[in-house]
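Raw contents of query.cif, mmCIF, C-alpha atoms:
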data_structure
loop_
_atom_site.label_atom_id
_atom_site.label_comp_id
_atom_site.auth_asym_id
_atom_site.auth_seq_id
_atom_site.Cartn_x
_atom_site.Cartn_y
_atom_site.Cartn_z
CA MET A 63 138.36 137.73 94.87
CA GLY A 64 139.15 134.84 97.24
CA SER A 65 141.24 131.89 96.09
CA PHE A 66 138.19 129.59 96.00
CA ASP A 67 136.27 132.18 94.00
CA ALA A 68 139.15 132.50 91.53
CA LEU A 69 139.36 128.73 91.17
CA LEU A 70 135.58 128.53 90.81
CA THR A 71 135.59 131.16 88.05
CA ALA A 72 138.46 129.46 86.27
CA ALA A 73 136.89 126.01 86.63
CA ASN A 74 133.56 127.24 85.29
CA GLU A 75 135.38 128.85 82.36
CA GLY A 76 137.51 125.76 81.77
CA GLU A 77 140.78 127.61 82.40
CA ALA A 78 141.78 126.67 85.94
CA VAL A 79 145.29 127.87 86.75
CA PRO A 80 146.72 126.85 90.13
CA GLU A 81 149.04 129.03 92.21
CA SER A 82 152.07 127.52 90.50
CA GLY A 83 151.07 129.47 87.40
CA ARG A 84 151.16 126.33 85.26
CA PRO A 85 147.85 125.83 83.44
CA ILE A 86 146.24 122.53 84.43
CA ALA A 87 146.16 121.52 80.78
CA ASN A 88 149.98 121.61 80.80
CA GLN A 89 150.45 119.68 84.02
CA HIS A 90 150.91 116.17 82.79
CA GLU A 91 154.31 115.77 84.39
CA PRO A 92 153.91 113.90 87.70
CA ASP A 93 156.25 116.28 89.57
CA ASP A 94 154.27 119.36 88.56
CA LEU A 95 150.92 117.73 89.18
CA ALA A 96 152.06 116.34 92.55
CA ASP A 97 153.11 119.79 93.73
CA ASP A 98 149.83 121.46 92.74
CA LEU A 99 147.73 118.57 94.03
CA ARG A 100 149.48 118.57 97.41
CA VAL A 101 148.98 122.32 97.84
CA ALA A 102 145.32 122.18 96.77
CA VAL A 103 144.46 119.21 99.00
CA LEU A 104 146.20 120.75 102.03
CA LYS A 105 144.47 124.11 101.54
CA LEU A 106 141.07 122.46 101.12
CA ALA A 107 141.61 120.31 104.22
CA ARG A 108 142.69 123.37 106.22
CA ARG A 109 139.63 125.31 105.06
CA ILE A 110 137.26 122.46 105.92
CA ARG A 111 138.89 122.03 109.35
CA ALA A 112 138.23 125.71 110.06
CA GLU A 113 134.51 124.93 110.20
CA LYS A 114 134.01 123.61 113.72
CA ALA A 115 131.46 123.92 116.49
CA ASP A 116 134.03 124.76 119.19
CA ASP A 117 136.80 127.11 118.10
CA GLU A 118 138.69 126.36 121.30
CA LEU A 119 139.41 122.79 120.15
CA SER A 120 142.65 122.25 118.27
CA ASP A 121 142.63 120.07 115.17
CA SER A 122 144.30 117.23 117.09
CA GLN A 123 141.80 117.49 119.96
CA TYR A 124 138.90 117.38 117.51
CA SER A 125 140.51 114.42 115.73
CA VAL A 126 140.70 112.45 118.98
CA LEU A 127 137.14 113.35 119.91
CA ALA A 128 135.81 112.36 116.47
CA TYR A 129 137.77 109.10 116.68
CA LEU A 130 136.17 108.29 120.05
CA VAL A 131 132.72 109.07 118.67
CA ARG A 132 133.33 106.86 115.63
CA GLU A 133 135.21 103.97 117.27
CA GLY A 134 134.00 103.97 120.87
CA PRO A 135 136.03 103.83 124.10
CA ARG A 136 139.81 103.61 123.76
CA THR A 137 142.82 103.55 126.06
CA LEU A 138 145.47 106.25 126.15
CA SER A 139 147.85 103.89 124.37
CA GLU A 140 145.36 103.24 121.57
CA LEU A 141 144.68 106.95 121.16
CA SER A 142 148.42 107.70 121.10
CA GLY A 143 148.92 105.09 118.41
CA TYR A 144 146.05 106.40 116.33
CA GLU A 145 147.30 109.99 116.46
CA GLN A 146 150.97 108.93 116.29
CA VAL A 147 151.95 110.99 119.33
CA THR A 148 153.59 110.14 122.63
CA PRO A 149 151.43 109.06 125.59
CA PRO A 150 152.29 112.25 127.56
CA SER A 151 151.14 114.36 124.60
CA MET A 152 147.92 112.35 124.31
CA ASN A 153 147.41 112.68 128.06
CA ARG A 154 147.39 116.49 127.67
CA THR A 155 144.91 116.18 124.81
CA VAL A 156 142.44 113.97 126.69
CA ASN A 157 142.83 116.10 129.83
CA HIS A 158 141.75 119.14 127.83
CA LEU A 159 138.81 117.22 126.33
CA ALA A 160 137.79 115.93 129.77
CA THR A 161 137.99 119.42 131.29
CA ALA A 162 135.77 120.71 128.47
CA GLY A 163 133.26 117.95 129.24
CA TYR A 164 133.71 116.18 125.90
CA VAL A 165 135.44 113.03 127.17
CA ALA A 166 134.87 110.81 130.20
CA ARG A 167 137.38 108.50 131.91
CA LYS A 168 136.53 105.08 133.30
CA THR A 169 138.95 102.79 135.09
CA SER A 170 138.80 99.20 133.84
CA ASP A 171 137.07 96.75 136.17
CA GLU A 172 139.50 93.99 135.16
CA ASP A 173 142.74 95.97 135.34
CA ARG A 174 142.75 99.04 137.60
CA ARG A 175 145.82 100.37 135.75
CA LYS A 176 143.87 100.64 132.50
CA VAL A 177 141.74 103.74 131.85
CA TRP A 178 139.16 103.93 129.08
CA PHE A 179 138.28 107.23 127.42
CA SER A 180 134.92 107.75 125.74
CA ALA A 181 133.02 110.65 124.22
CA THR A 182 130.31 112.19 126.38
CA ASP A 183 126.93 113.24 125.03
CA GLU A 184 128.30 116.78 124.74
CA GLY A 185 131.36 115.48 122.89
CA ARG A 186 129.14 113.62 120.43
CA ARG A 187 127.05 116.77 119.97
CA ILE A 188 130.17 118.84 119.17
CA VAL A 189 131.33 116.28 116.59
CA GLN A 190 127.86 116.16 115.02
CA LEU A 191 127.65 119.98 114.84
CA THR A 192 131.16 120.24 113.42
CA ARG A 193 130.41 117.66 110.74
CA ALA A 194 127.20 119.51 109.87
CA ARG A 195 129.06 122.84 109.55
CA ARG A 196 131.74 121.28 107.38
CA ASP A 197 129.19 119.56 105.17
CA SER A 198 127.18 122.76 104.87
CA TRP A 199 130.23 124.81 103.85
CA LEU A 200 131.29 122.23 101.29
CA ASP A 201 127.73 121.80 99.95
CA GLU A 202 127.49 125.57 99.48
CA LYS A 203 130.76 125.69 97.53
CA LEU A 204 129.81 122.68 95.40
CA GLU A 205 126.45 124.28 94.57
CA GLU A 206 128.38 127.20 93.05
CA LEU A 207 130.03 124.90 90.51
CA ASP A 208 128.36 124.29 87.18
CA PRO A 209 127.19 120.72 86.44
CA GLN A 210 130.22 119.94 84.24
CA ALA A 211 132.66 121.04 86.96
CA ARG A 212 130.80 118.90 89.53
CA THR A 213 130.99 115.90 87.19
CA GLU A 214 134.74 116.42 86.79
CA LEU A 215 135.14 116.83 90.54
CA ALA A 216 133.23 113.59 91.15
CA ALA A 217 135.64 111.77 88.83
CA ALA A 218 138.62 113.42 90.52
CA THR A 219 137.25 112.42 93.93
CA THR A 220 137.29 108.77 92.88
CA ILE A 221 140.91 109.11 91.80
CA LEU A 222 141.86 110.95 95.02
CA ARG A 223 140.24 108.25 97.13
CA LYS A 224 142.26 105.58 95.30
CA LEU A 225 145.46 107.59 95.85
CA ALA A 226 144.67 107.97 99.55
CA GLU A 227 144.01 104.25 99.96
CA SER A 228 147.15 103.11 98.11
#
Written as structure tokens, how would this file's structure read?
Amino acid sequence: MGSFDALLTAANEGEAVPESGRPIANQHEPDDLADDLRVAVLKLARRIRAEKADDELSDSQYSVLAYLVREGPRTLSELSGYEQVTPPSMNRTVNHLATAGYVARKTSDEDRRKVWFSATDEGRRIVQLTRARRDSWLDEKLEELDPQARTELAAATTILRKLAES
């Protein structure tokens, strides 16, 4: 039985036990809860990231492409700042995306030293397909939960969002 299936069974039976072995009902200590929450969130994020339309794209390359689709054209410096990497590292990332046909470069008309990067139609298509795959996978897993578990997850999602935004 996969880890999601085990969690699903436990959640539907009201006895979820995370990998730490500490029953959730006994995890009121912030240190214990923080450890289990961190592991669960990271594993879920990793599993969702695995659903992508182009398996050749790294997570950081996809992140840059999705950012360009969402925010529009950006300079290398802006992309480096967003991803918190050095400009040479970002240059390698956008070069890969450009070679794949997902990103286009355009030199600024006002300042020839400035280059703008934007998602191409193919880049936008890859992001759209990836989002659809990720949503489909997550929808499928959520459908497997009973209504009570989905209600609890909805409440937990609100709390997680507040934690992420704090």
Starting from the displayed file, determine the output of the PyMOL selection byres ((chain A and resi 192) around 9) and express the residue list as JSON, numbers by chain.
-> {"A": [111, 113, 114, 115, 116, 187, 188, 189, 190, 191, 193, 194, 195, 196, 197]}
If you measure from atom CA of A:Gly163 to atom CA of A:Leu141, what distance in Å do you get, rounded to one decimal?
->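 Atom CA of A:Leu141 lies 17.8 Å from atom CA of A:Gly163.
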Got a sec: who's within 8 Å of A:Arg136, counting all atoms listed in the file, leaving out chain neighbours fewer than 6 positions off, as a list of chain:residue names?
->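 My list of contacting residues is A:Leu130, A:Trp178, A:Phe179, A:Ser180.
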Test item: residues at most 12 Å from A:Glu133, all atoms listed in the file, excluding those fewer than 5 positions along its chain, as a list in words =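 Neighbouring residues, sequence-local ones excluded: Ser125, Val126, Leu127, Ala128, Glu140, Leu141, Tyr144, Phe179, Ser180, Ala181 and Arg186 of chain A.
Counting from atom CA of A:Arg154, the distance to atom CA of A:Arg175 is 18.1 Å.
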Kindly add N, CA and C atoms to the incomplete stretch 87-118 of chain A and provide the output as a PDB file, in the frame of the given file.
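part.pdb was written with the following content:
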ATOM      1  N   ALA A  87     146.034 122.261  82.036  1.00  0.00           N
ATOM      2  CA  ALA A  87     146.160 121.520  80.780  1.00  0.00           C
ATOM      3  C   ALA A  87     147.607 121.145  80.483  1.00  0.00           C
ATOM      4  N   ASN A  88     148.563 121.879  81.044  1.00  0.00           N
ATOM      5  CA  ASN A  88     149.980 121.610  80.800  1.00  0.00           C
ATOM      6  C   ASN A  88     150.643 120.859  81.942  1.00  0.00           C
ATOM      7  N   GLN A  89     149.885 120.309  82.836  1.00  0.00           N
ATOM      8  CA  GLN A  89     150.450 119.680  84.020  1.00  0.00           C
ATOM      9  C   GLN A  89     150.440 118.164  83.950  1.00  0.00           C
ATOM     10  N   HIS A  90     150.923 117.619  82.902  1.00  0.00           N
ATOM     11  CA  HIS A  90     150.910 116.170  82.790  1.00  0.00           C
ATOM     12  C   HIS A  90     152.137 115.526  83.390  1.00  0.00           C
ATOM     13  N   GLU A  91     153.112 116.318  83.756  1.00  0.00           N
ATOM     14  CA  GLU A  91     154.310 115.770  84.390  1.00  0.00           C
ATOM     15  C   GLU A  91     153.978 115.480  85.852  1.00  0.00           C
ATOM     16  N   PRO A  92     154.256 114.261  86.316  1.00  0.00           N
ATOM     17  CA  PRO A  92     153.910 113.900  87.700  1.00  0.00           C
ATOM     18  C   PRO A  92     154.458 114.866  88.750  1.00  0.00           C
ATOM     19  N   ASP A  93     155.682 115.366  88.576  1.00  0.00           N
ATOM     20  CA  ASP A  93     156.250 116.280  89.570  1.00  0.00           C
ATOM     21  C   ASP A  93     155.438 117.562  89.688  1.00  0.00           C
ATOM     22  N   ASP A  94     155.056 118.129  88.548  1.00  0.00           N
ATOM     23  CA  ASP A  94     154.270 119.360  88.560  1.00  0.00           C
ATOM     24  C   ASP A  94     152.885 119.118  89.140  1.00  0.00           C
ATOM     25  N   LEU A  95     152.258 118.058  88.700  1.00  0.00           N
ATOM     26  CA  LEU A  95     150.920 117.730  89.180  1.00  0.00           C
ATOM     27  C   LEU A  95     150.940 117.423  90.676  1.00  0.00           C
ATOM     28  N   ALA A  96     151.955 116.690  91.122  1.00  0.00           N
ATOM     29  CA  ALA A  96     152.060 116.340  92.550  1.00  0.00           C
ATOM     30  C   ALA A  96     152.155 117.587  93.403  1.00  0.00           C
ATOM     31  N   ASP A  97     152.941 118.556  92.961  1.00  0.00           N
ATOM     32  CA  ASP A  97     153.110 119.790  93.730  1.00  0.00           C
ATOM     33  C   ASP A  97     151.781 120.538  93.841  1.00  0.00           C
ATOM     34  N   ASP A  98     151.106 120.736  92.724  1.00  0.00           N
ATOM     35  CA  ASP A  98     149.830 121.460  92.740  1.00  0.00           C
ATOM     36  C   ASP A  98     148.746 120.703  93.488  1.00  0.00           C
ATOM     37  N   LEU A  99     148.720 119.391  93.336  1.00  0.00           N
ATOM     38  CA  LEU A  99     147.730 118.570  94.030  1.00  0.00           C
ATOM     39  C   LEU A  99     147.934 118.639  95.537  1.00  0.00           C
ATOM     40  N   ARG A 100     149.177 118.515  95.975  1.00  0.00           N
ATOM     41  CA  ARG A 100     149.480 118.570  97.410  1.00  0.00           C
ATOM     42  C   ARG A 100     149.026 119.900  97.996  1.00  0.00           C
ATOM     43  N   VAL A 101     149.358 120.994  97.335  1.00  0.00           N
ATOM     44  CA  VAL A 101     148.980 122.320  97.840  1.00  0.00           C
ATOM     45  C   VAL A 101     147.459 122.457  97.885  1.00  0.00           C
ATOM     46  N   ALA A 102     146.783 122.047  96.820  1.00  0.00           N
ATOM     47  CA  ALA A 102     145.320 122.180  96.770  1.00  0.00           C
ATOM     48  C   ALA A 102     144.637 121.345  97.840  1.00  0.00           C
ATOM     49  N   VAL A 103     145.081 120.101  98.012  1.00  0.00           N
ATOM     50  CA  VAL A 103     144.460 119.210  99.000  1.00  0.00           C
ATOM     51  C   VAL A 103     144.698 119.750 100.414  1.00  0.00           C
ATOM     52  N   LEU A 104     145.914 120.213 100.695  1.00  0.00           N
ATOM     53  CA  LEU A 104     146.200 120.750 102.030  1.00  0.00           C
ATOM     54  C   LEU A 104     145.382 121.998 102.323  1.00  0.00           C
ATOM     55  N   LYS A 105     145.264 122.892 101.337  1.00  0.00           N
ATOM     56  CA  LYS A 105     144.470 124.110 101.540  1.00  0.00           C
ATOM     57  C   LYS A 105     142.995 123.786 101.747  1.00  0.00           C
ATOM     58  N   LEU A 106     142.474 122.849 100.964  1.00  0.00           N
ATOM     59  CA  LEU A 106     141.070 122.460 101.120  1.00  0.00           C
ATOM     60  C   LEU A 106     140.847 121.828 102.490  1.00  0.00           C
ATOM     61  N   ALA A 107     141.745 120.950 102.899  1.00  0.00           N
ATOM     62  CA  ALA A 107     141.610 120.310 104.220  1.00  0.00           C
ATOM     63  C   ALA A 107     141.669 121.355 105.327  1.00  0.00           C
ATOM     64  N   ARG A 108     142.577 122.311 105.208  1.00  0.00           N
ATOM     65  CA  ARG A 108     142.690 123.370 106.220  1.00  0.00           C
ATOM     66  C   ARG A 108     141.411 124.195 106.271  1.00  0.00           C
ATOM     67  N   ARG A 109     140.851 124.507 105.111  1.00  0.00           N
ATOM     68  CA  ARG A 109     139.630 125.310 105.060  1.00  0.00           C
ATOM     69  C   ARG A 109     138.447 124.554 105.656  1.00  0.00           C
ATOM     70  N   ILE A 110     138.343 123.274 105.361  1.00  0.00           N
ATOM     71  CA  ILE A 110     137.260 122.460 105.920  1.00  0.00           C
ATOM     72  C   ILE A 110     137.423 122.348 107.434  1.00  0.00           C
ATOM     73  N   ARG A 111     138.659 122.139 107.905  1.00  0.00           N
ATOM     74  CA  ARG A 111     138.890 122.030 109.350  1.00  0.00           C
ATOM     75  C   ARG A 111     138.538 123.305 110.100  1.00  0.00           C
ATOM     76  N   ALA A 112     138.568 124.442 109.415  1.00  0.00           N
ATOM     77  CA  ALA A 112     138.230 125.710 110.060  1.00  0.00           C
ATOM     78  C   ALA A 112     136.769 125.774 110.480  1.00  0.00           C
ATOM     79  N   GLU A 113     135.938 124.967 109.863  1.00  0.00           N
ATOM     80  CA  GLU A 113     134.510 124.930 110.200  1.00  0.00           C
ATOM     81  C   GLU A 113     134.306 123.957 111.354  1.00  0.00           C
ATOM     82  N   LYS A 114     134.242 124.494 112.573  1.00  0.00           N
ATOM     83  CA  LYS A 114     134.010 123.610 113.720  1.00  0.00           C
ATOM     84  C   LYS A 114     133.088 124.269 114.724  1.00  0.00           C
ATOM     85  N   ALA A 115     132.466 123.447 115.543  1.00  0.00           N
ATOM     86  CA  ALA A 115     131.460 123.920 116.490  1.00  0.00           C
ATOM     87  C   ALA A 115     132.086 124.529 117.740  1.00  0.00           C
ATOM     88  N   ASP A 116     133.338 124.207 118.031  1.00  0.00           N
ATOM     89  CA  ASP A 116     134.030 124.760 119.190  1.00  0.00           C
ATOM     90  C   ASP A 116     135.397 125.238 118.738  1.00  0.00           C
ATOM     91  N   ASP A 117     135.534 126.552 118.587  1.00  0.00           N
ATOM     92  CA  ASP A 117     136.800 127.110 118.100  1.00  0.00           C
ATOM     93  C   ASP A 117     137.940 126.953 119.082  1.00  0.00           C
ATOM     94  N   GLU A 118     137.639 126.569 120.307  1.00  0.00           N
ATOM     95  CA  GLU A 118     138.690 126.360 121.300  1.00  0.00           C
ATOM     96  C   GLU A 118     139.397 125.020 121.118  1.00  0.00           C
TER      97      GLU A 118
END
